[in-house]
Structure formats: C-alpha cells, structure tokens
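Trainee: Quick one, coords28.cif (mmCIF, C-alpha atoms):
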```cif
data_data
#
loop_
_atom_site.group_PDB
_atom_site.id
_atom_site.type_symbol
_atom_site.label_atom_id
_atom_site.label_comp_id
_atom_site.auth_asym_id
_atom_site.auth_seq_id
_atom_site.Cartn_x
_atom_site.Cartn_y
_atom_site.Cartn_z
ATOM 1 C CA MET K 1 53.463 -2.756 23.441
ATOM 2 C CA LYS K 2 55.432 -5.997 23.672
ATOM 3 C CA PHE K 3 55.965 -7.720 20.360
ATOM 4 C CA ARG K 4 55.718 -11.437 19.724
ATOM 5 C CA TYR K 5 56.992 -12.230 16.246
ATOM 6 C CA GLY K 6 55.632 -14.992 14.078
ATOM 7 C CA VAL K 7 56.029 -15.871 10.421
ATOM 8 C CA ASP K 8 53.727 -17.438 7.844
ATOM 9 C CA LEU K 9 55.445 -20.503 6.384
ATOM 10 C CA ILE K 10 54.687 -19.413 2.824
ATOM 11 C CA THR K 11 57.621 -17.025 3.316
ATOM 12 C CA PHE K 12 59.923 -20.042 2.923
ATOM 13 C CA TYR K 13 58.375 -21.459 -0.249
ATOM 14 C CA HIS K 14 60.632 -19.971 -2.920
ATOM 15 C CA PRO K 15 62.182 -22.854 -4.930
ATOM 16 C CA SER K 16 65.682 -21.323 -4.918
ATOM 17 C CA PHE K 17 65.754 -21.381 -1.108
ATOM 18 C CA TRP K 18 65.548 -25.164 -1.396
ATOM 19 C CA GLY K 19 67.933 -25.478 -4.318
ATOM 20 C CA THR K 20 65.217 -26.369 -6.824
ATOM 21 C CA ASN K 21 64.190 -24.771 -10.105
ATOM 22 C CA ASP K 22 60.416 -24.522 -9.751
ATOM 23 C CA ARG K 23 57.503 -24.877 -7.350
ATOM 24 C CA ALA K 24 56.717 -28.458 -8.400
ATOM 25 C CA SER K 25 60.298 -29.571 -7.671
ATOM 26 C CA PHE K 26 60.242 -27.851 -4.295
ATOM 27 C CA GLU K 27 56.965 -29.523 -3.323
ATOM 28 C CA LYS K 28 58.276 -32.938 -4.418
ATOM 29 C CA LEU K 29 61.427 -32.417 -2.327
ATOM 30 C CA ALA K 30 59.347 -31.497 0.721
ATOM 31 C CA LEU K 31 56.965 -34.416 0.322
ATOM 32 C CA ASP K 32 59.741 -36.943 -0.376
ATOM 33 C CA ASP K 33 61.529 -35.991 2.857
ATOM 34 C CA PRO K 34 59.040 -34.073 5.006
ATOM 35 C CA ARG K 35 61.112 -34.274 8.171
ATOM 36 C CA LYS K 36 63.999 -32.557 6.390
ATOM 37 C CA PHE K 37 61.541 -29.842 5.305
ATOM 38 C CA TRP K 38 60.355 -29.231 8.876
ATOM 39 C CA ASP K 39 63.898 -29.357 10.263
ATOM 40 C CA ARG K 40 64.984 -26.584 7.925
ATOM 41 C CA ILE K 41 61.857 -24.562 8.637
ATOM 42 C CA ALA K 42 62.578 -24.682 12.361
ATOM 43 C CA GLU K 43 66.252 -23.799 11.890
ATOM 44 C CA SER K 44 65.382 -20.877 9.613
ATOM 45 C CA VAL K 45 62.718 -19.454 11.928
ATOM 46 C CA VAL K 46 65.143 -19.527 14.855
ATOM 47 C CA GLU K 47 67.916 -17.952 12.785
ATOM 48 C CA ALA K 48 65.590 -15.055 11.901
ATOM 49 C CA GLY K 49 64.917 -14.424 15.600
ATOM 50 C CA ILE K 50 61.236 -15.397 15.355
ATOM 51 C CA THR K 51 59.360 -17.529 17.880
ATOM 52 C CA GLY K 52 56.043 -18.446 16.239
ATOM 53 C CA VAL K 53 54.725 -19.940 13.004
ATOM 54 C CA GLU K 54 51.487 -19.817 11.034
ATOM 55 C CA LEU K 55 50.817 -22.959 9.032
ATOM 56 C CA THR K 56 49.612 -22.416 5.493
ATOM 57 C CA PHE K 57 49.308 -24.146 2.123
ATOM 58 C CA PRO K 58 51.113 -27.459 1.383
ATOM 59 C CA PRO K 59 53.716 -28.566 2.156
ATOM 60 C CA GLY K 60 53.631 -26.548 5.395
ATOM 61 C CA ASN K 61 50.005 -27.407 6.071
ATOM 62 C CA TRP K 62 48.434 -29.136 9.039
ATOM 63 C CA GLU K 63 47.605 -32.413 7.263
ATOM 64 C CA THR K 64 51.209 -32.890 6.114
ATOM 65 C CA ALA K 65 52.448 -32.007 9.600
ATOM 66 C CA VAL K 66 50.270 -34.723 11.145
ATOM 67 C CA LYS K 67 51.478 -37.271 8.576
ATOM 68 C CA THR K 68 55.073 -36.309 9.351
ATOM 69 C CA PHE K 69 54.954 -36.223 13.147
ATOM 70 C CA GLY K 70 51.977 -38.440 13.908
ATOM 71 C CA SER K 71 49.934 -35.813 15.728
ATOM 72 C CA ALA K 72 49.512 -32.102 16.312
ATOM 73 C CA ALA K 73 50.948 -32.494 19.793
ATOM 74 C CA ALA K 74 54.091 -34.118 18.371
ATOM 75 C CA LEU K 75 54.556 -31.233 15.915
ATOM 76 C CA SER K 76 54.151 -28.755 18.768
ATOM 77 C CA GLU K 77 56.691 -30.660 20.862
ATOM 78 C CA PHE K 78 59.149 -30.669 17.955
ATOM 79 C CA LEU K 79 58.826 -26.917 17.425
ATOM 80 C CA GLN K 80 58.922 -26.146 21.140
ATOM 81 C CA GLY K 81 62.275 -27.882 21.226
ATOM 82 C CA SER K 82 63.535 -24.916 19.201
ATOM 83 C CA GLY K 83 61.542 -22.350 21.191
ATOM 84 C CA ILE K 84 58.850 -22.023 18.496
ATOM 85 C CA SER K 85 55.093 -21.925 19.091
ATOM 86 C CA VAL K 86 52.301 -22.793 16.687
ATOM 87 C CA ILE K 87 50.339 -19.537 16.545
ATOM 88 C CA SER K 88 47.749 -20.004 13.851
ATOM 89 C CA GLY K 89 46.775 -21.704 10.642
ATOM 90 C CA PHE K 90 45.610 -20.199 7.360
ATOM 91 C CA PHE K 91 42.229 -21.580 6.292
ATOM 92 C CA SER K 92 41.522 -21.349 2.564
ATOM 93 C CA ALA K 93 38.254 -23.292 2.220
ATOM 94 C CA LEU K 94 36.086 -20.176 1.912
ATOM 95 C CA GLU K 95 38.055 -18.996 -1.113
ATOM 96 C CA GLN K 96 38.687 -22.364 -2.735
ATOM 97 C CA TYR K 97 35.142 -23.577 -3.214
ATOM 98 C CA GLU K 98 33.351 -22.284 -6.315
ATOM 99 C CA ASP K 99 30.091 -21.576 -4.457
ATOM 100 C CA PRO K 100 30.527 -21.235 -0.684
ATOM 101 C CA LEU K 101 26.782 -20.531 -0.331
ATOM 102 C CA ASP K 102 25.783 -23.971 -1.600
ATOM 103 C CA PRO K 103 24.366 -25.888 1.421
ATOM 104 C CA ALA K 104 26.478 -29.001 0.812
ATOM 105 C CA THR K 105 29.582 -26.843 0.401
ATOM 106 C CA GLN K 106 28.809 -24.950 3.600
ATOM 107 C CA LYS K 107 28.581 -28.230 5.504
ATOM 108 C CA GLN K 108 31.981 -29.234 4.116
ATOM 109 C CA ILE K 109 33.541 -25.858 4.999
ATOM 110 C CA ILE K 110 32.376 -26.169 8.599
ATOM 111 C CA GLU K 111 33.681 -29.747 8.799
ATOM 112 C CA ASP K 112 37.041 -28.605 7.385
ATOM 113 C CA ALA K 113 37.195 -25.767 9.928
ATOM 114 C CA LEU K 114 36.430 -28.163 12.792
ATOM 115 C CA LYS K 115 39.216 -30.536 11.756
ATOM 116 C CA TYR K 116 41.709 -27.686 11.404
ATOM 117 C CA SER K 117 40.653 -26.206 14.755
ATOM 118 C CA ASP K 118 41.014 -29.561 16.472
ATOM 119 C CA PHE K 119 44.593 -29.667 15.175
ATOM 120 C CA LEU K 120 45.284 -26.117 16.365
ATOM 121 C CA ASN K 121 43.783 -26.838 19.766
ATOM 122 C CA GLU K 122 46.039 -29.871 20.176
ATOM 123 C CA SER K 123 49.096 -27.886 19.097
ATOM 124 C CA ASN K 124 48.146 -24.884 21.306
ATOM 125 C CA GLY K 125 47.517 -22.590 18.328
ATOM 126 C CA PRO K 126 44.785 -20.093 19.276
ATOM 127 C CA VAL K 127 43.727 -18.608 15.893
ATOM 128 C CA LEU K 128 42.367 -19.856 12.571
ATOM 129 C CA VAL K 129 42.987 -17.147 9.948
ATOM 130 C CA ALA K 130 40.407 -17.399 7.159
ATOM 131 C CA GLY K 131 40.782 -16.183 3.615
ATOM 132 C CA MET K 132 37.553 -14.990 1.996
ATOM 133 C CA PRO K 133 35.785 -15.865 -1.288
ATOM 134 C CA MET K 134 37.204 -14.218 -4.373
ATOM 135 C CA ARG K 135 35.225 -11.575 -6.246
ATOM 136 C CA ARG K 136 33.599 -12.962 -9.373
ATOM 137 C CA LYS K 137 32.741 -10.318 -11.965
ATOM 138 C CA GLY K 138 30.218 -12.358 -13.914
ATOM 139 C CA THR K 139 28.923 -11.099 -17.258
ATOM 140 C CA PRO K 140 26.596 -8.252 -18.342
ATOM 141 C CA ASP K 141 23.791 -10.809 -18.681
ATOM 142 C CA ASN K 142 24.632 -12.541 -15.399
ATOM 143 C CA PRO K 143 26.444 -10.070 -13.128
ATOM 144 C CA SER K 144 27.875 -11.021 -9.757
ATOM 145 C CA PHE K 145 27.327 -8.435 -7.024
ATOM 146 C CA VAL K 146 28.804 -8.209 -3.558
ATOM 147 C CA ASP K 147 25.594 -6.675 -2.277
ATOM 148 C CA PHE K 148 23.811 -6.783 1.055
ATOM 149 C CA ASP K 149 22.082 -10.095 0.337
ATOM 150 C CA TYR K 150 25.354 -11.773 -0.628
ATOM 151 C CA VAL K 151 27.237 -10.369 2.359
ATOM 152 C CA LYS K 152 24.429 -11.307 4.758
ATOM 153 C CA ALA K 153 24.343 -14.907 3.501
ATOM 154 C CA THR K 154 28.137 -15.212 3.592
ATOM 155 C CA ALA K 155 28.324 -13.586 7.030
ATOM 156 C CA ASP K 156 25.807 -16.130 8.331
ATOM 157 C CA LEU K 157 28.132 -18.914 7.160
ATOM 158 C CA ILE K 158 31.151 -17.196 8.700
ATOM 159 C CA ASN K 159 29.340 -16.871 12.027
ATOM 160 C CA ARG K 160 28.652 -20.623 11.993
ATOM 161 C CA VAL K 161 32.273 -21.346 11.117
ATOM 162 C CA GLY K 162 33.355 -19.112 14.012
ATOM 163 C CA ALA K 163 31.006 -20.912 16.398
ATOM 164 C CA ALA K 164 32.430 -24.252 15.224
ATOM 165 C CA THR K 165 36.054 -23.227 15.726
ATOM 166 C CA MET K 166 35.239 -21.765 19.136
ATOM 167 C CA SER K 167 33.902 -25.170 20.188
ATOM 168 C CA GLU K 168 37.518 -26.328 19.768
ATOM 169 C CA GLY K 169 38.909 -23.345 21.698
ATOM 170 C CA VAL K 170 40.107 -21.550 18.558
ATOM 171 C CA ARG K 171 39.197 -18.023 17.398
ATOM 172 C CA LEU K 172 38.303 -17.372 13.750
ATOM 173 C CA ALA K 173 39.903 -14.228 12.254
ATOM 174 C CA LEU K 174 39.027 -12.914 8.777
ATOM 175 C CA HIS K 175 41.897 -12.061 6.429
ATOM 176 C CA PRO K 176 41.478 -9.328 3.752
ATOM 177 C CA GLU K 177 42.845 -11.232 0.745
ATOM 178 C CA VAL K 178 43.489 -8.968 -2.230
ATOM 179 C CA GLY K 179 40.921 -9.564 -4.967
ATOM 180 C CA SER K 180 38.461 -11.095 -2.521
ATOM 181 C CA VAL K 181 35.067 -9.915 -1.310
ATOM 182 C CA PHE K 182 36.860 -8.729 1.856
ATOM 183 C CA CYS K 183 39.543 -6.441 0.487
ATOM 184 C CA VAL K 184 38.289 -2.920 -0.256
ATOM 185 C CA ARG K 185 37.257 -0.667 2.622
ATOM 186 C CA ARG K 186 33.497 -0.865 2.040
ATOM 187 C CA ASP K 187 33.594 -4.678 2.039
ATOM 188 C CA ILE K 188 35.715 -4.880 5.191
ATOM 189 C CA ASP K 189 33.330 -2.586 7.038
ATOM 190 C CA LEU K 190 30.255 -4.457 5.813
ATOM 191 C CA PHE K 191 31.459 -7.939 6.702
ATOM 192 C CA LEU K 192 32.674 -6.860 10.118
ATOM 193 C CA ALA K 193 29.318 -5.168 10.747
ATOM 194 C CA LEU K 194 27.380 -8.325 9.829
ATOM 195 C CA THR K 195 29.541 -10.911 11.595
ATOM 196 C CA ASP K 196 29.203 -11.470 15.314
ATOM 197 C CA PRO K 197 32.234 -10.206 17.289
ATOM 198 C CA ALA K 198 31.571 -12.895 19.877
ATOM 199 C CA TYR K 199 32.563 -15.490 17.265
ATOM 200 C CA VAL K 200 34.500 -13.695 14.508
ATOM 201 C CA ASP K 201 37.709 -11.665 14.804
ATOM 202 C CA PHE K 202 39.795 -9.711 12.307
ATOM 203 C CA CYS K 203 43.316 -10.383 11.027
ATOM 204 C CA PRO K 204 44.315 -7.179 9.204
ATOM 205 C CA ASP K 205 47.019 -7.647 6.589
ATOM 206 C CA THR K 206 48.762 -4.346 5.883
ATOM 207 C CA ALA K 207 49.822 -5.198 2.330
ATOM 208 C CA HIS K 208 46.494 -6.593 1.173
ATOM 209 C CA ILE K 209 44.537 -3.676 2.654
ATOM 210 C CA TYR K 210 46.925 -1.151 1.101
ATOM 211 C CA LEU K 211 46.675 -2.774 -2.337
ATOM 212 C CA GLY K 212 42.894 -2.611 -2.002
ATOM 213 C CA GLY K 213 43.174 1.181 -1.987
ATOM 214 C CA THR K 214 42.723 1.773 1.730
ATOM 215 C CA SER K 215 44.991 2.917 4.544
ATOM 216 C CA PRO K 216 45.632 0.015 6.942
ATOM 217 C CA VAL K 217 45.920 2.625 9.698
ATOM 218 C CA ASP K 218 42.395 3.893 9.028
ATOM 219 C CA VAL K 219 40.963 0.372 8.963
ATOM 220 C CA LEU K 220 42.745 -0.455 12.199
ATOM 221 C CA GLY K 221 41.380 2.690 13.838
ATOM 222 C CA ASP K 222 37.797 1.629 13.127
ATOM 223 C CA HIS K 223 38.137 -2.064 13.927
ATOM 224 C CA TYR K 224 40.940 -2.407 16.481
ATOM 225 C CA ASP K 225 38.593 -4.125 18.938
ATOM 226 C CA ARG K 226 38.260 -7.084 16.530
ATOM 227 C CA VAL K 227 42.000 -7.581 15.958
ATOM 228 C CA THR K 228 43.301 -10.864 17.399
ATOM 229 C CA ILE K 229 46.360 -11.287 15.194
ATOM 230 C CA ALA K 230 47.980 -9.127 12.495
ATOM 231 C CA HIS K 231 49.926 -9.799 9.280
ATOM 232 C CA TRP K 232 52.798 -7.371 8.637
ATOM 233 C CA LYS K 233 53.867 -6.990 5.011
ATOM 234 C CA ASP K 234 54.622 -3.953 2.846
ATOM 235 C CA ALA K 235 53.327 -3.080 -0.607
ATOM 236 C CA VAL K 236 53.568 -0.614 -3.480
ATOM 237 C CA GLY K 237 50.979 0.399 -6.088
ATOM 238 C CA ARG K 238 47.332 -0.567 -6.338
ATOM 239 C CA TRP K 239 45.896 -3.971 -7.198
ATOM 240 C CA PRO K 240 44.113 -4.079 -10.614
ATOM 241 C CA ASN K 241 41.237 -6.067 -9.052
ATOM 242 C CA ASP K 242 40.051 -7.497 -12.360
ATOM 243 C CA ASP K 243 39.313 -11.094 -13.294
ATOM 244 C CA SER K 244 42.714 -11.684 -14.881
ATOM 245 C CA ALA K 245 44.675 -10.317 -11.928
ATOM 246 C CA ASN K 246 42.560 -12.170 -9.385
ATOM 247 C CA GLN K 247 42.871 -15.481 -11.211
ATOM 248 C CA ASP K 248 46.671 -15.161 -11.490
ATOM 249 C CA ARG K 249 47.157 -13.365 -8.192
ATOM 250 C CA PHE K 250 49.828 -15.603 -6.677
ATOM 251 C CA GLU K 251 52.208 -14.939 -9.568
ATOM 252 C CA LEU K 252 51.274 -11.250 -9.809
ATOM 253 C CA GLU K 253 51.487 -10.439 -6.102
ATOM 254 C CA ALA K 254 55.293 -10.598 -6.151
ATOM 255 C CA GLN K 255 55.286 -7.348 -8.166
ATOM 256 C CA TYR K 256 53.395 -5.566 -5.385
ATOM 257 C CA PHE K 257 54.464 -7.143 -2.081
ATOM 258 C CA LYS K 258 57.559 -5.914 -0.279
ATOM 259 C CA ARG K 259 59.323 -6.663 2.959
ATOM 260 C CA VAL K 260 58.185 -4.582 5.929
ATOM 261 C CA GLY K 261 59.750 -1.120 5.654
ATOM 262 C CA MET K 262 60.408 -1.310 1.897
ATOM 263 C CA GLY K 263 57.060 -0.105 0.538
ATOM 264 C CA SER K 264 54.400 2.535 1.073
ATOM 265 C CA VAL K 265 52.576 1.419 4.236
ATOM 266 C CA ASP K 266 52.503 4.005 7.041
ATOM 267 C CA TRP K 267 54.347 1.914 9.623
ATOM 268 C CA ALA K 268 54.636 4.603 12.262
ATOM 269 C CA GLY K 269 50.878 5.123 12.130
ATOM 270 C CA TRP K 270 50.299 1.369 12.153
ATOM 271 C CA TYR K 271 52.455 0.908 15.235
ATOM 272 C CA ARG K 272 50.797 3.809 17.074
ATOM 273 C CA GLY K 273 47.362 2.406 16.249
ATOM 274 C CA LEU K 274 48.188 -1.024 17.655
ATOM 275 C CA ASP K 275 49.841 0.514 20.687
ATOM 276 C CA LYS K 276 46.834 2.745 21.389
ATOM 277 C CA ALA K 277 44.550 -0.279 21.093
ATOM 278 C CA GLY K 278 46.659 -2.202 23.603
ATOM 279 C CA PHE K 279 47.282 -4.975 21.082
ATOM 280 C CA ASP K 280 48.935 -8.002 22.677
ATOM 281 C CA GLY K 281 48.534 -10.599 19.922
ATOM 282 C CA TRP K 282 51.108 -12.058 17.555
ATOM 283 C CA SER K 283 52.619 -9.973 14.757
ATOM 284 C CA ILE K 284 53.051 -12.232 11.725
ATOM 285 C CA LEU K 285 55.929 -11.088 9.522
ATOM 286 C CA GLU K 286 55.772 -12.465 6.000
ATOM 287 C CA LEU K 287 56.802 -12.045 2.390
ATOM 288 C CA ASP K 288 55.340 -14.658 0.081
ATOM 289 C CA GLU K 289 57.968 -16.996 -1.376
ATOM 290 C CA THR K 290 61.019 -14.773 -1.017
ATOM 291 C CA PRO K 291 64.363 -16.215 -2.198
ATOM 292 C CA ASN K 292 66.107 -15.037 1.003
ATOM 293 C CA PRO K 293 63.577 -15.577 3.806
ATOM 294 C CA ILE K 294 66.016 -15.608 6.721
ATOM 295 C CA GLU K 295 67.624 -12.322 5.710
ATOM 296 C CA GLU K 296 64.285 -10.716 4.839
ATOM 297 C CA MET K 297 62.548 -11.728 8.077
ATOM 298 C CA THR K 298 65.560 -10.713 10.154
ATOM 299 C CA ALA K 299 65.496 -7.291 8.478
ATOM 300 C CA ALA K 300 61.718 -7.034 8.972
ATOM 301 C CA ARG K 301 62.028 -7.841 12.670
ATOM 302 C CA GLN K 302 64.842 -5.346 13.117
ATOM 303 C CA PHE K 303 62.793 -2.679 11.319
ATOM 304 C CA VAL K 304 59.862 -3.229 13.677
ATOM 305 C CA GLU K 305 62.135 -3.167 16.723
ATOM 306 C CA ALA K 306 63.607 0.148 15.550
ATOM 307 C CA LEU K 307 60.100 1.425 14.813
ATOM 308 C CA ALA K 308 59.006 0.617 18.351
ATOM 309 C CA THR K 309 61.905 2.650 19.720
ATOM 310 C CA SER K 310 61.461 5.635 17.400
ATOM 311 C CA THR K 311 57.693 6.007 17.883
ATOM 312 C CA LYS K 312 57.598 5.921 21.691
#
```
I'd like the structure from this file rewritten - as structure tokens, please.
Mentor:
Amino acid sequence: MKFRYGVDLITFYHPSFWGTNDRASFEKLALDDPRKFWDRIAESVVEAGITGVELTFPPGNWETAVKTFGSAAALSEFLQGSGISVISGFFSALEQYEDPLDPATQKQIIEDALKYSDFLNESNGPVLVAGMPMRRKGTPDNPSFVDFDYVKATADLINRVGAATMSEGVRLALHPEVGSVFCVRRDIDLFLALTDPAYVDFCPDTAHIYLGGTSPVDVLGDHYDRVTIAHWKDAVGRWPNDDSANQDRFELEAQYFKRVGMGSVDWAGWYRGLDKAGFDGWSILELDETPNPIEEMTAARQFVEALATSTK
C-alpha cells in the first residue's frame, strides 16, 4: 500500500502556534492578514513532509480561501507551488443546523454542499467529508431517538446530498463525529446500510470510532468497500456521550485525542485492514489544535512509515 499523506488544517489552529493567547485572537490575526495565514500553513505542511490538505472550519475554510486568492483555482495553484494538493473539505452543515430534517433546512444543506463541491471541483479536491447531526437526548416527556424512522429520513437527505456533490464530480464521505448520530457501532452500520453506496462513501476516523466504544479495525473490516479517505488520529478512554460532553466537545476532546501512535488504537490491525482492502486514498493525519503541529505531524508520518515497514 502506497501512502499519500494529508492533514486537516484544524491541526494548525492552536493559538500558541500563532503567538496569540486565545482562539479569538488567532482568528483575528488570520482574518486581518489571510495571505500570511495561508503562507504559514503551506510552509508548515511542507516542513512536516505532507503533500495534501483538508480544508475545515474558519479561518482555513473554503469561503475565506476564495476571498483571499480570488478563486478555488488560484488557491490550488498557490498550494501546488509548494507541492501541496487540495484533497478534501470538511462539511459541517449536517451537524450545525438544529433540525436537518426540516424541508427548508434540507434545501439549504444541499445548496451549501453544491457550493462547497463546486469549489472542490475547481481546486481538484475529490472528496467532501461530512460531519453528522449530533445526538439530542431530549427529555423524559419528549425523548429523542435515533431509531429506524429517524435514520431512514436522515439517510434520504444524505443520499440527495451525495447526488448533488457527485454532479460536481465530488464524492461525499460520512465522518463518525464523536457524540453524533454516526459514532457508535450500531449507528455506523445502520447509516451505511441505508445510504446508497453509489452516492455515499465512508471516511472512518480512528479516534472518533475508538472513543465511541468500537474497534476501528472491526468497523473497517465490515465497511472497507465504502472507504474513500481516512482520518488517522489516536485516542485514549471512552467518550461520555452525554449532553454536557457533546455540547462542549471541542474543549473536551483534547483530553482524549492523541497523536498517531500515542494512544490505544490498534495501528497494526488498522494498517493490515487498509492494505488487505487495497486502499489507495489519502490518509489524513490530524490532531485538533495542537501547540506543535509540525513536530506532531512529522512524528505521526514517521510512525506510519515505520508501521508500514514492520507490518509487511
């Protein structure tokens, strides 16, 4: 198996990496001088020995990139000058809207996906990675169930989103966000059973699946034929998966996420599973908002390279 290494830009979002004290100051710095932000991103990716990027939340999002460079093609040309490809973009609309099953909201989600996919098509990025709606516990009087009816209705929307992105030459791949309706093993299996593989792929994330209480290796073994792209991140422990944790998940995740090779994921089994499946997509290395992203991603890449040698 030949590896192509990418990185999600959220890896570079820690304020201290930019010499600021908090997230707000970092975002202001990036928005005040966006070209300086993208210059440092490109330099850092190259220094870590990585050749692809996944766009994500602001300021490393597609809208800001277009404002900075004028077009998706211009961003791609800029990155290609450093030997970097746009691989994918993270799509958060399904998890951001309060009720993704509302007809007006569904129309907006599909429009958002089309715009994002048009950008990716122009920048030669082949995959739109989609986060899923968050679990909502409800109350004893008004419970919220992830049951067959809910999954069927949501899967119907996802199929339409996948058909829309495909019209722009971009594949939709579902991401198992911790705390979402697509995190624990039963939910992953159910959504993949009810979405159409002709339109919807799977982006397994080792850390999120592990925190959901499931072996990423087992999930991969059952669904390898749907895997277009993969997120590589380590983890320790188990996610609480309650309302408080899910609402504050971005702050809490740092306690659980680790750099590849520094947690409890079965990496040898993961590598063998991908190799057996003949995986030839991009491997996205990431560690959300780490203070030392260049060092961490270099170490992650070197770990995977050593893993490939030791598991042959």
Trainee: Run the PyMOL selection byres ((chain K and resi 204-219) around 6) mentally over the shown coordinates, then write out the matched residues as a ChimeraX atom specification, using the chain letters and numbers from the document.
Mentor: /K:177-178,183-184,203,220-222,230-235,238-239,270
Trainee: Care to translate the PyMOL selection byres ((chain K and resi 109-126) around 7) into actual residues of this file, as an MDAnalysis selection string?
Mentor: chainID K and resid 72:73 76 86:88 93:94 105:108 127:128 161 164:165 168:171
Trainee: Mind pulling up the distance from atom CA of K:Ala30 to atom CA of K:Lys258?
Mentor: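 Between these atoms lies a distance of 25.7 Å.
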Trainee: Pick out the residues sitting within 10 Å of K:Ser85, and hand them over as a PyMOL selection string; count all atoms listed in the file, and ignore anything fewer than 5 positions along from it in its own chain.
Mentor: chain K and resi 6+50-54+75-80+123-125
Trainee: Once you add 3 Å to each side, what are the centre and edge lengths of the axis-aligned box holding all listed atoms of stretch 280-298 of chain K? One decimal in Å, as AutoDock Vina command-line options, if you can.
Mentor:
```
--center_x 58.1 --center_y -12.5 --center_z 10.2 --size_x 25.1 --size_y 15.0 --size_z 30.9
```
Trainee: Can you spit out stretch 124-135 of chain K with N, CA, C and O atoms, as a CSV table (one decimal), in the first residue's frame, from the structure just given?
Mentor:
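The resulting file, out_12.csv, is shown below:
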```csv
chain,number,residue,atom,x,y,z
K,124,ASN,N,-9.6,20.8,-7.7
K,124,ASN,CA,-9.2,19.4,-7.9
K,124,ASN,C,-9.2,18.6,-6.6
K,124,ASN,O,-8.5,17.6,-6.5
K,125,GLY,N,-10.1,18.9,-5.7
K,125,GLY,CA,-10.3,18.1,-4.4
K,125,GLY,C,-11.4,17.2,-4.6
K,125,GLY,O,-12.5,17.6,-5.0
K,126,PRO,N,-11.2,15.9,-4.5
K,126,PRO,CA,-12.2,14.9,-4.9
K,126,PRO,C,-13.2,14.5,-3.9
K,126,PRO,O,-14.2,13.8,-4.2
K,127,VAL,N,-13.1,14.9,-2.6
K,127,VAL,CA,-13.9,14.4,-1.5
K,127,VAL,C,-14.5,15.5,-0.6
K,127,VAL,O,-13.7,16.4,-0.2
K,128,LEU,N,-15.8,15.4,-0.3
K,128,LEU,CA,-16.4,16.3,0.7
K,128,LEU,C,-16.7,15.4,1.9
K,128,LEU,O,-17.5,14.5,1.8
K,129,VAL,N,-16.0,15.6,3.0
K,129,VAL,CA,-16.1,14.8,4.2
K,129,VAL,C,-17.2,15.5,5.1
K,129,VAL,O,-17.1,16.7,5.4
K,130,ALA,N,-18.3,14.8,5.4
K,130,ALA,CA,-19.4,15.3,6.1
K,130,ALA,C,-19.6,14.9,7.5
K,130,ALA,O,-19.6,13.7,7.8
K,131,GLY,N,-19.6,15.8,8.4
K,131,GLY,CA,-19.9,15.5,9.8
K,131,GLY,C,-21.4,15.2,9.9
K,131,GLY,O,-22.2,15.6,9.0
K,132,MET,N,-21.9,14.6,10.9
K,132,MET,CA,-23.3,14.1,11.0
K,132,MET,C,-24.0,14.9,12.2
K,132,MET,O,-23.3,15.4,13.1
K,133,PRO,N,-25.3,14.9,12.2
K,133,PRO,CA,-26.0,15.6,13.2
K,133,PRO,C,-25.6,15.0,14.6
K,133,PRO,O,-25.4,13.8,14.8
K,134,MET,N,-25.7,15.9,15.6
K,134,MET,CA,-25.3,15.5,17.0
K,134,MET,C,-26.5,14.8,17.6
K,134,MET,O,-27.7,15.1,17.3
K,135,ARG,N,-26.3,13.8,18.5
K,135,ARG,CA,-27.3,13.2,19.2
K,135,ARG,C,-28.0,14.2,20.2
K,135,ARG,O,-27.3,15.0,20.8
```
